[in-house]
$ cat structure35.txt   # compact mmCIF, C-alpha atoms
# COMPACT_ATOMS: atom_id res chain seq x y z
CA MET A 1 34.19 88.95 88.05
CA ARG A 2 36.84 89.13 85.32
CA GLY A 3 38.79 91.64 87.42
CA LEU A 4 38.73 89.31 90.42
CA VAL A 5 40.01 86.39 88.33
CA LEU A 6 42.86 88.53 86.94
CA PHE A 7 43.71 89.76 90.45
CA VAL A 8 43.87 86.21 91.87
CA ALA A 9 45.85 84.99 88.82
CA GLY A 10 48.34 87.85 89.34
CA ILE A 11 48.80 86.92 93.00
CA LEU A 12 49.39 83.26 92.12
CA VAL A 13 51.92 84.08 89.37
CA GLY A 14 53.71 86.59 91.62
CA THR A 15 53.93 84.05 94.44
CA ALA A 16 55.27 81.36 92.12
CA VAL A 17 57.93 83.72 90.72
CA GLN A 18 58.97 84.80 94.22
CA ILE A 19 59.32 81.21 95.41
CA GLY A 20 61.31 80.27 92.30
CA VAL A 21 63.70 83.21 92.70
CA ALA A 22 64.12 82.60 96.43
CA GLN A 23 65.07 78.97 95.82
CA THR A 24 67.79 79.93 93.30
CA GLN A 25 69.42 82.51 95.59
CA PRO A 26 72.26 81.26 97.81
CA LYS A 27 71.27 81.19 101.46
CA THR A 28 72.97 83.63 103.74
CA ILE A 29 74.64 81.90 106.64
CA GLY A 30 75.03 84.74 109.11
CA ARG A 31 74.97 88.48 109.63
CA LEU A 32 77.51 91.25 110.02
CA ASN A 33 78.72 91.24 113.62
CA HIS A 34 81.72 93.56 113.65
CA VAL A 35 84.38 95.44 111.76
CA ALA A 36 87.91 95.44 113.21
CA VAL A 37 90.23 98.39 112.69
CA SER A 38 93.73 98.92 114.01
CA VAL A 39 94.44 102.39 115.35
CA ALA A 40 97.58 104.30 116.27
CA ASN A 41 96.37 104.97 119.82
CA ILE A 42 93.61 102.75 121.15
CA ASN A 43 92.97 104.89 124.24
CA ASP A 44 92.42 107.99 122.09
CA ALA A 45 90.16 105.98 119.76
CA LEU A 46 88.04 104.65 122.64
CA LYS A 47 87.68 108.14 124.04
CA TRP A 48 86.67 109.59 120.66
CA TYR A 49 84.17 106.83 119.84
CA GLY A 50 82.70 107.08 123.35
CA ASP A 51 82.62 110.86 123.77
CA LYS A 52 81.90 111.95 120.21
CA MET A 53 79.96 109.03 118.72
CA GLY A 54 78.22 107.93 121.92
CA PHE A 55 79.21 104.26 121.65
CA ARG A 56 79.93 102.25 124.77
CA GLU A 57 82.79 99.86 125.36
CA VAL A 58 81.59 96.33 126.13
CA VAL A 59 84.71 94.11 126.01
CA ARG A 60 88.36 94.89 126.77
CA ASN A 61 91.45 92.78 126.03
CA THR A 62 94.82 93.40 127.68
CA ASN A 63 98.20 91.71 127.23
CA PRO A 64 100.03 89.98 130.13
CA GLN A 65 101.63 93.35 131.02
CA GLY A 66 98.16 94.86 131.46
CA GLU A 67 98.36 97.04 128.33
CA LEU A 68 95.14 97.52 126.38
CA GLN A 69 95.38 95.64 123.07
CA SER A 70 91.82 95.69 121.76
CA ALA A 71 88.28 96.51 122.73
CA TYR A 72 84.79 96.11 121.33
CA ILE A 73 82.44 99.06 121.28
CA GLN A 74 78.75 98.56 120.60
CA VAL A 75 77.37 100.49 117.64
CA SER A 76 73.87 98.99 117.70
CA ARG A 77 72.19 96.02 119.34
CA ASP A 78 73.89 93.50 117.04
CA THR A 79 76.85 95.40 115.58
CA PHE A 80 80.24 96.15 117.07
CA LEU A 81 83.45 97.96 116.18
CA GLU A 82 86.58 96.16 117.31
CA LEU A 83 89.43 98.61 117.94
CA GLN A 84 92.91 97.11 117.97
CA GLN A 85 96.21 98.72 118.89
CA ALA A 86 98.31 99.00 115.72
CA ASN A 87 101.78 97.47 115.85
CA ALA A 88 104.48 96.18 113.48
CA GLN A 89 102.44 93.06 112.63
CA ARG A 90 99.12 94.90 112.48
CA PRO A 91 99.35 98.28 110.72
CA ALA A 92 96.67 100.94 111.19
CA GLY A 93 93.58 100.41 109.04
CA LEU A 94 91.00 97.74 108.36
CA ASN A 95 92.06 94.42 109.91
CA HIS A 96 89.04 92.17 109.27
CA TRP A 97 85.28 92.00 109.43
CA GLY A 98 83.16 89.43 111.19
CA ILE A 99 80.05 87.45 110.44
CA GLU A 100 78.10 85.98 113.33
CA VAL A 101 76.72 82.54 112.55
CA PRO A 102 74.30 80.47 114.64
CA ASP A 103 76.29 77.24 114.17
CA ILE A 104 80.01 77.58 113.37
CA LYS A 105 80.46 73.96 112.25
CA ALA A 106 77.50 74.16 109.85
CA ALA A 107 78.71 77.53 108.51
CA VAL A 108 82.24 76.21 107.92
CA ALA A 109 80.81 73.16 106.11
CA SER A 110 78.51 75.34 103.98
CA TYR A 111 81.30 77.74 102.98
CA ARG A 112 83.56 74.79 102.15
CA GLU A 113 80.79 73.34 99.96
CA ARG A 114 80.92 76.66 98.08
CA GLY A 115 84.64 76.09 97.43
CA LEU A 116 86.08 78.38 100.10
CA THR A 117 89.06 77.59 102.28
CA VAL A 118 87.94 78.00 105.88
CA SER A 119 90.00 77.35 109.01
CA GLU A 120 88.80 74.87 111.59
CA PRO A 121 86.84 76.43 114.46
CA GLY A 122 88.97 76.75 117.56
CA ALA A 123 88.32 76.77 121.27
CA PRO A 124 86.27 79.70 122.56
CA SER A 125 88.18 82.98 122.42
CA ALA A 126 89.56 84.12 125.78
CA PHE A 127 88.76 87.67 124.62
CA THR A 128 85.04 87.36 123.75
CA GLY A 129 84.08 83.74 124.35
CA GLY A 130 83.13 83.37 120.69
CA ILE A 131 84.07 80.29 118.67
CA LEU A 132 86.00 81.50 115.63
CA ALA A 133 87.03 80.38 112.15
CA ASN A 134 88.50 82.43 109.29
CA ILE A 135 88.10 82.83 105.55
CA THR A 136 90.63 84.70 103.39
CA ASP A 137 88.93 86.91 100.83
CA PRO A 138 90.76 86.23 97.52
CA ILE A 139 89.50 89.52 96.07
CA THR A 140 90.98 91.84 98.72
CA GLY A 141 93.33 89.47 100.52
CA GLY A 142 91.49 90.42 103.70
CA ARG A 143 90.26 88.20 106.47
CA ILE A 144 86.62 87.41 107.21
CA GLU A 145 86.10 86.10 110.72
CA LEU A 146 83.21 83.74 111.39
CA SER A 147 82.01 83.70 114.97
CA GLU A 148 79.45 81.72 116.88
CA GLN A 149 78.50 83.61 120.01
CA PRO A 150 77.47 81.15 122.74
CA PRO A 151 75.04 82.23 125.47
CA ALA A 152 77.93 82.87 127.91
CA GLY A 153 79.91 84.90 125.34
CA LYS A 154 80.68 88.56 126.06
CA LEU A 155 79.25 89.84 122.76
CA ARG A 156 76.08 87.77 123.27
CA LYS A 157 75.74 89.33 126.73
CA ALA A 158 76.19 92.84 125.28
CA THR A 159 73.55 92.08 122.62
CA ASP A 160 71.13 90.70 125.19
CA ASP A 161 71.71 93.68 127.52
CA TRP A 162 71.15 96.29 124.76
CA LYS A 163 68.59 98.92 125.66
$ encode --input "structure35.txt" --output "structure tokens"
Amino acid sequence: MRGLVLFVAGILVGTAVQIGVAQTQPKTIGRLNHVAVSVANINDALKWYGDKMGFREVVRNTNPQGELQSAYIQVSRDTFLELQQANAQRPAGLNHWGIEVPDIKAAVASYRERGLTVSEPGAPSAFTGGILANITDPITGGRIELSEQPPAGKLRKATDDWK
């Protein structure tokens, strides 16, 4: 009987501690959606990531002259690699990383409450259909892109079509 009482008491204390710790942790607002890298030759990069890594291209973005500027390749159901053509304004290397959020306005408000400077969400992207806002990381100087992927968005479609 004493063992049973100690067991139940241990469960109750453990549950109370877990609840207390969970309530003091900041809530996460979203999940990693993509990492964007600029590459010297986007066609070579797409071929390598497709042929060697086995990833498939799901979204393509061209300029008015029809030249490929960027593309998303799907790494897993919910994670993408955005390849961008490097240029004078966008040198080769890490460009930004993206967090997908369920509600862009609520995420922007929450990050602002935490003292961050966050851009206003814009109109849906012509490239992916996502609604975007940006945070500048003061530690690295890098950009963190927030994105809400609506049901008609291209990345949402790729996620939903994942097999």
$ residues_around --input "structure35.txt" --residues "A:Ser76" --least-positions-apart "4" --cutoff "9 Å" --atoms "all atoms listed in the file" --output "PDB file with C-alpha atoms, in the coordinates of the input"
ATOM      1  CA  PHE A  55      79.210 104.260 121.650  1.00  0.00           C
ATOM      2  CA  PHE A  80      80.240  96.150 117.070  1.00  0.00           C
ATOM      3  CA  THR A 159      73.550  92.080 122.620  1.00  0.00           C
ATOM      4  CA  TRP A 162      71.150  96.290 124.760  1.00  0.00           C
TER       5      TRP A 162
END
$ residues_around --input "structure35.txt" --residues "A:Arg56" --least-positions-apart "5" --cutoff "7 Å" --atoms "all atoms listed in the file" --output "PyMOL selection string"
chain A and resi 50+73-74
$ closest_residue --input "structure35.txt" --among "A:Gly54, A:Pro151, A:Gly93, A:Gly130" --to "A:Val75" --atoms "all atoms listed in the file"
A:Gly54
$ atom_distance --input "structure35.txt" --atom1 "atom CA of A:Leu146" --atom2 "atom CA of A:Ala88"
24.7 Å
$ residues_around --input "structure35.txt" --residues "A:Glu148" --least-positions-apart "6" --cutoff "8 Å" --atoms "only C-alpha atoms" --output "JSON, numbers by chain"
{"A": [100, 101, 102, 103, 104, 130, 131, 132]}
$ closest_residue --input "structure35.txt" --among "A:Lys47, A:Arg60, A:Arg31, A:His96" --to "A:Asn134" --atoms "only C-alpha atoms"
A:His96
$ closest_residue --input "structure35.txt" --among "A:Glu57, A:Ile135, A:Gln69, A:Asp51" --to "A:Ala86" --atoms "all atoms listed in the file"
A:Gln69
$ atom_distance --input "structure35.txt" --atom1 "atom CA of A:Leu83" --atom2 "atom CA of A:Val35"
8.6 Å
$ atom_distance --input "structure35.txt" --atom1 "atom CA of A:Gln85" --atom2 "atom CA of A:Leu46"
10.8 Å
$ residues_around --input "structure35.txt" --residues "A:Asn95" --least-positions-apart "4" --cutoff "8 Å" --atoms "all atoms listed in the file" --output "number ranges by chain"
A: 35-38, 90, 142-143
$ closest_residue --input "structure35.txt" --among "A:Glu145, A:Asp44, A:Asp160, A:Glu113" --to "A:Gly30" --atoms "only C-alpha atoms"
A:Glu145
$ closest_residue --input "structure35.txt" --among "A:Gly129, A:Leu32, A:Leu81, A:Thr62" --to "A:Tyr49" --atoms "all atoms listed in the file"
A:Leu81
